[in-house]
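The next block is entry_22.txt, given as compact mmCIF, C-alpha atoms.
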```
# COMPACT_ATOMS: atom_id res chain seq x y z
CA MET W 1 0.00 0.00 0.00
CA ARG W 2 1.43 3.43 -1.00
CA ASP W 3 2.38 5.77 1.86
CA THR W 4 0.40 9.00 1.44
CA ASP W 5 1.23 10.62 4.79
CA PRO W 6 1.16 14.41 4.03
CA ASN W 7 3.48 15.14 6.97
CA LYS W 8 6.34 13.25 5.31
CA PHE W 9 5.82 15.25 2.11
CA VAL W 10 5.99 18.54 4.06
CA ALA W 11 9.14 17.41 5.85
CA PHE W 12 10.73 16.52 2.48
CA LEU W 13 9.99 20.00 1.12
CA ALA W 14 11.45 21.58 4.23
CA ILE W 15 14.69 19.61 3.80
CA ILE W 16 14.96 20.75 0.18
CA ALA W 17 14.08 24.40 0.90
CA THR W 18 16.40 24.94 3.87
CA PRO W 19 19.72 25.06 1.93
CA PHE W 20 18.23 27.47 -0.60
CA ALA W 21 16.92 29.74 2.14
CA LEU W 22 20.30 29.67 3.92
CA GLY W 23 22.12 30.51 0.71
CA ALA W 24 19.78 33.39 -0.01
CA PHE W 25 20.29 34.72 3.52
CA LEU W 26 24.08 34.64 3.18
CA LEU W 27 23.96 36.36 -0.21
CA THR W 28 21.80 39.19 1.11
CA TRP W 29 23.54 39.50 4.47
CA SER W 30 27.06 39.96 3.12
CA PRO W 31 26.42 43.13 1.04
CA ALA W 32 24.11 44.46 3.75
CA GLY W 33 26.87 44.05 6.30
CA GLN W 34 29.28 45.94 4.06
CA TYR W 35 26.69 48.65 3.39
CA ALA W 36 26.12 49.12 7.12
CA ASN W 37 29.83 49.71 7.74
CA GLU W 38 30.23 53.47 8.27
CA ASP W 39 33.91 53.45 9.31
CA PRO W 40 36.07 55.07 6.63
CA ALA W 41 39.09 53.32 8.12
CA GLY W 42 37.38 50.11 7.02
CA ASP W 43 35.48 51.20 3.93
CA GLY W 44 35.11 54.90 3.27
CA PHE W 45 33.94 54.28 -0.27
CA VAL W 46 30.36 53.37 0.67
CA PRO W 47 27.54 55.75 1.67
CA PRO W 48 26.33 55.66 5.29
CA ARG W 49 23.58 53.28 6.29
CA SER W 50 21.23 56.19 7.05
CA ILE W 51 21.82 59.27 4.94
CA GLN W 52 18.83 60.97 6.59
CA ASN W 53 20.39 60.68 10.05
CA LEU W 54 23.69 61.99 8.72
CA VAL W 55 22.04 64.99 7.08
CA ASP W 56 19.95 65.79 10.17
CA ARG W 57 22.98 65.63 12.50
CA THR W 58 25.10 67.81 10.24
CA GLN W 59 22.38 70.40 9.62
CA ALA W 60 21.94 70.87 13.37
CA SER W 61 25.57 72.05 13.56
CA THR W 62 25.77 74.05 10.31
CA VAL W 63 24.66 77.65 9.85
CA THR W 64 24.38 80.29 7.15
CA VAL W 65 26.79 83.21 7.56
CA VAL W 66 25.95 86.71 6.33
CA CYS W 67 28.48 89.56 6.33
CA GLU W 68 26.54 92.78 5.71
CA LEU W 69 28.07 96.24 5.34
CA GLU W 70 26.50 99.67 5.72
CA ASP W 71 26.35 100.19 1.96
CA GLY W 72 24.02 97.17 1.72
CA SER W 73 26.58 94.82 0.15
CA ILE W 74 26.68 91.32 1.57
CA SER W 75 28.85 88.23 1.49
CA GLN W 76 27.18 84.95 2.28
CA GLY W 77 28.62 81.59 3.20
CA THR W 78 28.42 78.71 5.64
CA ALA W 79 29.96 77.82 9.01
CA TRP W 80 29.88 74.84 11.35
CA ALA W 81 30.32 74.33 15.08
CA ILE W 82 33.54 72.88 16.46
CA ASP W 83 34.72 72.02 19.97
CA LEU W 84 37.39 74.70 20.28
CA GLU W 85 38.10 77.18 23.08
CA THR W 86 38.62 80.83 22.14
CA ASP W 87 39.35 84.06 24.01
CA VAL W 88 35.65 84.96 23.90
CA SER W 89 34.23 81.57 24.89
CA GLU W 90 32.81 82.95 28.13
CA ASP W 91 30.46 85.29 26.27
CA TYR W 92 30.26 83.34 23.00
CA PRO W 93 30.50 79.65 23.94
CA THR W 94 29.91 78.19 20.46
CA THR W 95 32.90 78.32 18.11
CA LEU W 96 32.38 78.23 14.34
CA ILE W 97 34.67 77.51 11.37
CA THR W 98 34.20 79.22 8.01
CA ASN W 99 36.26 80.61 5.11
CA HIS W 100 38.21 83.85 5.38
CA HIS W 101 36.74 85.16 2.13
CA VAL W 102 33.23 84.85 3.56
CA ILE W 103 33.87 87.33 6.40
CA GLU W 104 36.92 89.33 5.26
CA ASP W 105 34.94 92.51 4.49
CA CYS W 106 33.45 92.45 7.99
CA ILE W 107 36.72 92.13 9.90
CA GLY W 108 36.84 95.05 12.32
CA VAL W 109 33.24 96.06 11.56
CA GLU W 110 31.28 95.46 14.76
CA GLY W 111 27.86 93.86 14.51
CA SER W 112 28.11 93.14 10.80
CA VAL W 113 28.08 89.31 10.91
CA THR W 114 25.02 87.15 11.56
CA ILE W 115 24.39 83.42 11.52
CA ASN W 116 21.22 81.35 11.32
CA LEU W 117 20.05 77.76 11.13
CA PRO W 118 17.70 76.88 8.25
CA TYR W 119 14.34 78.69 8.59
CA GLN W 120 15.36 80.35 11.86
CA GLU W 121 16.02 83.97 12.80
CA LYS W 122 19.45 85.54 12.40
CA ILE W 123 21.57 86.20 15.47
CA LYS W 124 24.83 88.08 15.92
CA ALA W 125 28.22 86.42 15.67
CA THR W 126 31.73 87.73 16.23
CA ILE W 127 34.94 87.15 14.27
CA VAL W 128 37.69 85.71 16.49
CA LYS W 129 40.69 85.07 14.21
CA TRP W 130 41.52 84.21 10.64
CA ASP W 131 44.09 82.69 8.31
CA GLU W 132 44.01 84.51 4.99
CA GLU W 133 46.64 82.27 3.36
CA ASN W 134 44.64 79.10 3.97
CA ASP W 135 41.27 80.89 3.61
CA LEU W 136 40.00 79.87 7.04
CA ALA W 137 38.41 81.84 9.88
CA VAL W 138 37.08 81.30 13.38
CA MET W 139 33.87 82.92 14.61
CA ALA W 140 31.85 82.59 17.80
CA THR W 141 28.22 82.96 18.80
CA SER W 142 26.05 82.78 21.89
CA LYS W 143 23.68 80.31 20.23
CA GLU W 144 24.21 76.76 21.46
CA LEU W 145 24.89 74.25 18.70
CA PRO W 146 26.06 70.62 18.75
CA THR W 147 29.63 70.37 17.52
CA LEU W 148 30.99 68.29 14.66
CA GLU W 149 33.97 66.01 15.19
CA LEU W 150 37.10 66.09 13.07
CA SER W 151 38.22 62.99 11.19
CA GLU W 152 41.27 61.00 12.19
CA ASN W 153 41.55 59.45 8.72
CA ILE W 154 42.96 60.76 5.47
CA PRO W 155 40.29 60.92 2.74
CA TRP W 156 41.40 58.85 -0.24
CA ALA W 157 40.41 59.20 -3.87
CA GLY W 158 37.00 57.60 -4.29
CA TYR W 159 35.79 58.21 -0.73
CA TRP W 160 32.10 59.08 -0.34
CA VAL W 161 31.62 62.65 0.97
CA MET W 162 28.78 65.06 1.62
CA ALA W 163 28.91 68.87 1.37
CA LEU W 164 26.33 70.81 3.35
CA GLY W 165 25.76 74.56 3.27
CA SER W 166 23.84 77.51 1.87
CA ALA W 167 24.17 76.83 -1.85
CA ASP W 168 23.19 80.01 -3.71
CA GLY W 169 21.48 81.22 -0.53
CA PHE W 170 19.33 78.13 0.03
CA ASP W 171 19.94 77.20 3.67
CA GLY W 172 20.78 73.60 4.49
CA SER W 173 21.49 72.46 0.92
CA VAL W 174 23.08 69.03 0.54
CA ALA W 175 25.33 67.66 -2.22
CA PHE W 176 26.74 64.13 -2.40
CA GLY W 177 29.87 63.11 -4.27
CA ASN W 178 33.29 61.54 -4.01
CA VAL W 179 36.86 62.58 -3.38
CA LEU W 180 38.48 62.98 -6.79
CA ASN W 181 41.98 63.36 -5.37
CA VAL W 182 43.98 65.03 -2.61
CA TYR W 183 46.57 67.64 -3.55
CA TYR W 184 48.62 69.21 -0.74
CA ASN W 185 46.05 71.04 1.44
CA ASP W 186 43.23 70.73 -1.08
CA ILE W 187 40.67 67.93 -1.36
CA LEU W 188 39.28 67.75 -4.89
CA ILE W 189 35.64 66.65 -4.86
CA THR W 190 32.87 65.87 -7.36
CA ASN W 191 30.11 67.38 -5.17
CA ASN W 192 28.06 70.19 -6.71
CA ILE W 193 29.22 73.45 -5.11
CA SER W 194 27.62 76.90 -5.48
CA HIS W 195 28.17 80.41 -4.08
CA GLY W 196 27.19 80.23 -0.43
CA ASN W 197 28.67 76.75 0.16
CA SER W 198 31.99 78.34 1.15
CA GLY W 199 32.97 77.47 4.71
CA GLY W 200 30.64 74.48 4.94
CA PRO W 201 31.74 71.11 6.29
CA LEU W 202 32.83 68.26 4.04
CA ILE W 203 31.54 65.13 5.80
CA ASP W 204 32.58 61.50 5.35
CA ASN W 205 30.38 58.43 5.81
CA GLU W 206 31.06 58.40 9.56
CA GLY W 207 29.59 61.86 9.95
CA VAL W 208 32.89 63.57 10.78
CA VAL W 209 34.54 66.55 9.08
CA VAL W 210 37.34 65.84 6.60
CA GLY W 211 37.59 69.34 5.12
CA VAL W 212 36.10 72.80 4.62
CA VAL W 213 34.35 73.51 1.31
CA THR W 214 36.25 76.48 -0.13
CA TRP W 215 36.25 76.91 -3.89
CA GLY W 216 34.49 75.92 -7.08
CA MET W 217 35.57 75.49 -10.70
CA ASP W 218 33.67 76.94 -13.65
CA THR W 219 35.61 75.10 -16.35
CA GLU W 220 36.28 71.71 -14.73
CA GLN W 221 34.01 69.04 -13.30
CA TYR W 222 35.35 69.19 -9.76
CA ASN W 223 35.47 71.59 -6.81
CA GLY W 224 37.67 71.96 -3.75
CA ALA W 225 37.81 71.86 0.03
CA ARG W 226 40.62 72.76 2.40
CA SER W 227 41.96 69.69 4.17
CA LEU W 228 42.38 69.58 7.92
CA ASP W 229 46.14 70.00 7.43
CA ALA W 230 45.45 73.65 6.62
CA PHE W 231 44.12 74.12 10.16
CA CYS W 232 47.64 73.70 11.54
CA ALA W 233 48.71 77.20 10.46
CA LYS W 234 46.64 79.43 12.76
CA ILE W 235 43.34 77.75 13.58
CA LEU W 236 44.40 74.72 15.64
CA GLU W 237 47.54 73.88 17.58
CA CYS W 238 49.10 70.89 15.82
CA GLN W 239 51.21 68.53 17.86
CA TYR W 240 53.79 67.68 15.21
CA GLU W 241 55.25 68.56 11.84
CA PHE W 242 57.37 66.50 9.48
CA ASP W 243 60.47 68.02 7.84
CA GLY W 244 58.91 71.45 8.11
CA GLU W 245 55.83 70.39 6.13
CA LYS W 246 52.34 70.05 7.58
CA THR W 247 51.37 66.43 8.05
CA TRP W 248 47.89 65.03 8.46
CA TRP W 249 46.56 66.98 11.40
CA ASP W 250 46.62 66.10 15.03
CA TYR W 251 45.15 68.84 17.19
CA THR W 252 44.76 69.86 20.79
CA ASN W 253 42.39 72.44 22.27
```
Go ahead and express the file in the form of structure tokens.
Amino acid sequence: MRDTDPNKFVAFLAIIATPFALGAFLLTWSPAGQYANEDPAGDGFVPPRSIQNLVDRTQASTVTVVCELEDGSISQGTAWAIDLETDVSEDYPTTLITNHHVIEDCIGVEGSVTINLPYQEKIKATIVKWDEENDLAVMATSKELPTLELSENIPWAGYWVMALGSADGFDGSVAFGNVLNVYYNDILITNNISHGNSGGPLIDNEGVVVGVVTWGMDTEQYNGARSLDAFCAKILECQYEFDGEKTWWDYTN
């Protein structure tokens, strides 16, 4: 008599299906594990697992900068909060990094610089110090902002990076791209950059700052950011130099 027990048939199908299910799990888990890796020391070439979280965190620390003179002329750019003590920290506890060319016309002009988060009111900021050669400047404000951390890794060609700033006056604009190359104190990037992005943070897939967006090209398909090496001149106190040349930064407050 033929055995027609349906339970044995179900068990047989389960035995056949299990290896296929396991194989499918391994195939999907491996790329997902790589995609979830946000450590540029391990794989800086991939985007972060949650771009939304990265954008939100960076926007909370990044502000629009407006330098306005009495004749009505303005210069607009971007700045971001950093954990750095200044001589005015008691009155202006939040320190900001931007480009020198964003605020140069307002140096020595009291009350001419304001900052604001996207869709929020402008508040006063003060210029603390600057480095014209490397196009960097330090400002401070009384508004409390979360600070961004600085990277401990060199950005290599091909690394995923995000530029955030006030592109053409639109607060909180975001542009994704890759590192094209690194040349001395400049990081060449493929991110779209517009007037107003100057001074904004260049962020890697860990959410830390690898450079300061500084210049754009009209004739080439890349733009530029100042690397953290450039901070060693006047902005941060670097702990070491190599044969008189700036090495990849190592800073102390």
Subject >> Residues within 6 Å of (39.2, 80.7, 0.7), counting all atoms listed in the file, listed as a VMD selection string >> reply: chain W and resid 99 to 101 135 214
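Between atom CA of Thr190 of chain W and atom CA of Gln221 of chain W the interatomic distance comes to 6.8 Å.
Minimum atom-to-atom distance to Ile187 of chain W, evaluated using only C-alpha atoms, belongs to W:Ala157 out of W:Ala157, W:Ala163, W:Leu96, W:Ala175.
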For the contact check between segment 177-236 of chain W and segment 137-153 of chain W, emit one row per residue of segment 177-236 of chain W within 9 Å, containing the shortest atom pair and the distance in Å rounded to one decimal, counting only C-alpha atoms, chain then rising number order, as CSV.
```
residue,atom,partner,partner_atom,distance
W:Gly199,CA,W:Ala137,CA,8.7
W:Pro201,CA,W:Leu148,CA,8.9
W:Ile203,CA,W:Ser151,CA,8.8
W:Asp204,CA,W:Ser151,CA,8.3
W:Glu206,CA,W:Ser151,CA,8.7
W:Gly207,CA,W:Glu149,CA,8.0
W:Val208,CA,W:Glu149,CA,5.2
W:Val209,CA,W:Leu150,CA,4.8
W:Val210,CA,W:Ser151,CA,5.5
W:Gly211,CA,W:Leu150,CA,8.6
W:Leu228,CA,W:Leu150,CA,8.2
W:Ile235,CA,W:Val138,CA,7.2
```
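Between atom CA of Gly216 of chain W and atom CA of Ile127 of chain W the interatomic distance comes to 24.1 Å.
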Using all atoms listed in the file, find each residue in segment 156-213 of chain W having at least one atom no more than 8 Å away from segment 55-62 of chain W; report its shortest atom-to-atom pair and that distance in Å (one decimal), rows by chain then rising number, as a Markdown table.
```
| residue | atom | partner | partner_atom | distance |
| --- | --- | --- | --- | --- |
| W:Leu164 | CA | W:Gln59 | CA | 7.4 |
| W:Gly165 | CA | W:Thr62 | CA | 7.1 |
| W:Gly172 | CA | W:Gln59 | CA | 6.3 |
| W:Val174 | CA | W:Val55 | CA | 7.8 |
| W:Gly200 | CA | W:Thr62 | CA | 7.3 |
| W:Pro201 | CA | W:Thr62 | CA | 7.8 |
| W:Gly207 | CA | W:Thr58 | CA | 7.5 |
```
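The smallest atom-to-atom distance between Gly72 of chain W and any of W:Ser194, W:Asn181, W:Ser112, W:Asn223, using all atoms listed in the file, is found for W:Ser112.
Distance check against Lys122 of chain W using only C-alpha atoms: of W:Ala230, W:Val66, W:Val46, W:Ala79, the minimum falls on W:Val66.
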Please rebuild segment 80-102 of chain W with N, CA and C atoms and give the result as a CSV table (one decimal), in the frame of the given file.
```csv
chain,number,residue,atom,x,y,z
W,80,TRP,N,30.3,76.0,10.6
W,80,TRP,CA,29.9,74.8,11.4
W,80,TRP,C,30.6,74.9,12.7
W,81,ALA,N,29.9,74.3,13.7
W,81,ALA,CA,30.3,74.3,15.1
W,81,ALA,C,31.4,73.3,15.4
W,82,ILE,N,32.4,73.7,16.1
W,82,ILE,CA,33.5,72.9,16.5
W,82,ILE,C,33.8,73.0,17.9
W,83,ASP,N,34.3,72.0,18.6
W,83,ASP,CA,34.7,72.0,20.0
W,83,ASP,C,36.1,72.7,20.1
W,84,LEU,N,36.1,74.0,20.3
W,84,LEU,CA,37.4,74.7,20.3
W,84,LEU,C,37.2,75.9,21.2
W,85,GLU,N,38.1,76.0,22.2
W,85,GLU,CA,38.1,77.2,23.1
W,85,GLU,C,38.7,78.4,22.4
W,86,THR,N,38.1,79.6,22.6
W,86,THR,CA,38.6,80.8,22.1
W,86,THR,C,38.7,81.9,23.3
W,87,ASP,N,39.2,83.0,23.0
W,87,ASP,CA,39.4,84.1,24.0
W,87,ASP,C,38.0,84.6,24.4
W,88,VAL,N,37.0,84.4,23.6
W,88,VAL,CA,35.6,85.0,23.9
W,88,VAL,C,34.6,83.9,24.3
W,89,SER,N,35.1,82.7,24.6
W,89,SER,CA,34.2,81.6,24.9
W,89,SER,C,33.3,81.8,26.0
W,90,GLU,N,33.7,82.7,27.0
W,90,GLU,CA,32.8,83.0,28.1
W,90,GLU,C,31.5,83.6,27.7
W,91,ASP,N,31.6,84.6,26.8
W,91,ASP,CA,30.5,85.3,26.3
W,91,ASP,C,29.8,84.6,25.0
W,92,TYR,N,30.7,84.0,24.2
W,92,TYR,CA,30.3,83.3,23.0
W,92,TYR,C,30.7,81.9,23.0
W,93,PRO,N,30.0,81.0,23.7
W,93,PRO,CA,30.5,79.6,23.9
W,93,PRO,C,30.6,78.7,22.7
W,94,THR,N,29.9,79.1,21.6
W,94,THR,CA,29.9,78.2,20.5
W,94,THR,C,30.9,78.7,19.4
W,95,THR,N,31.9,77.9,19.1
W,95,THR,CA,32.9,78.3,18.1
W,95,THR,C,32.5,77.8,16.7
W,96,LEU,N,32.7,78.6,15.7
W,96,LEU,CA,32.4,78.2,14.3
W,96,LEU,C,33.6,78.3,13.4
W,97,ILE,N,33.6,77.5,12.4
W,97,ILE,CA,34.7,77.5,11.4
W,97,ILE,C,34.0,77.9,10.1
W,98,THR,N,34.7,78.8,9.3
W,98,THR,CA,34.2,79.2,8.0
W,98,THR,C,35.4,79.6,7.2
W,99,ASN,N,35.2,80.1,6.0
W,99,ASN,CA,36.3,80.6,5.1
W,99,ASN,C,36.6,82.1,5.4
W,100,HIS,N,37.8,82.5,5.2
W,100,HIS,CA,38.2,83.8,5.4
W,100,HIS,C,37.5,84.7,4.4
W,101,HIS,N,37.3,84.3,3.1
W,101,HIS,CA,36.7,85.2,2.1
W,101,HIS,C,35.3,85.4,2.4
W,102,VAL,N,34.6,84.6,3.2
W,102,VAL,CA,33.2,84.8,3.6
W,102,VAL,C,33.1,86.1,4.5
```
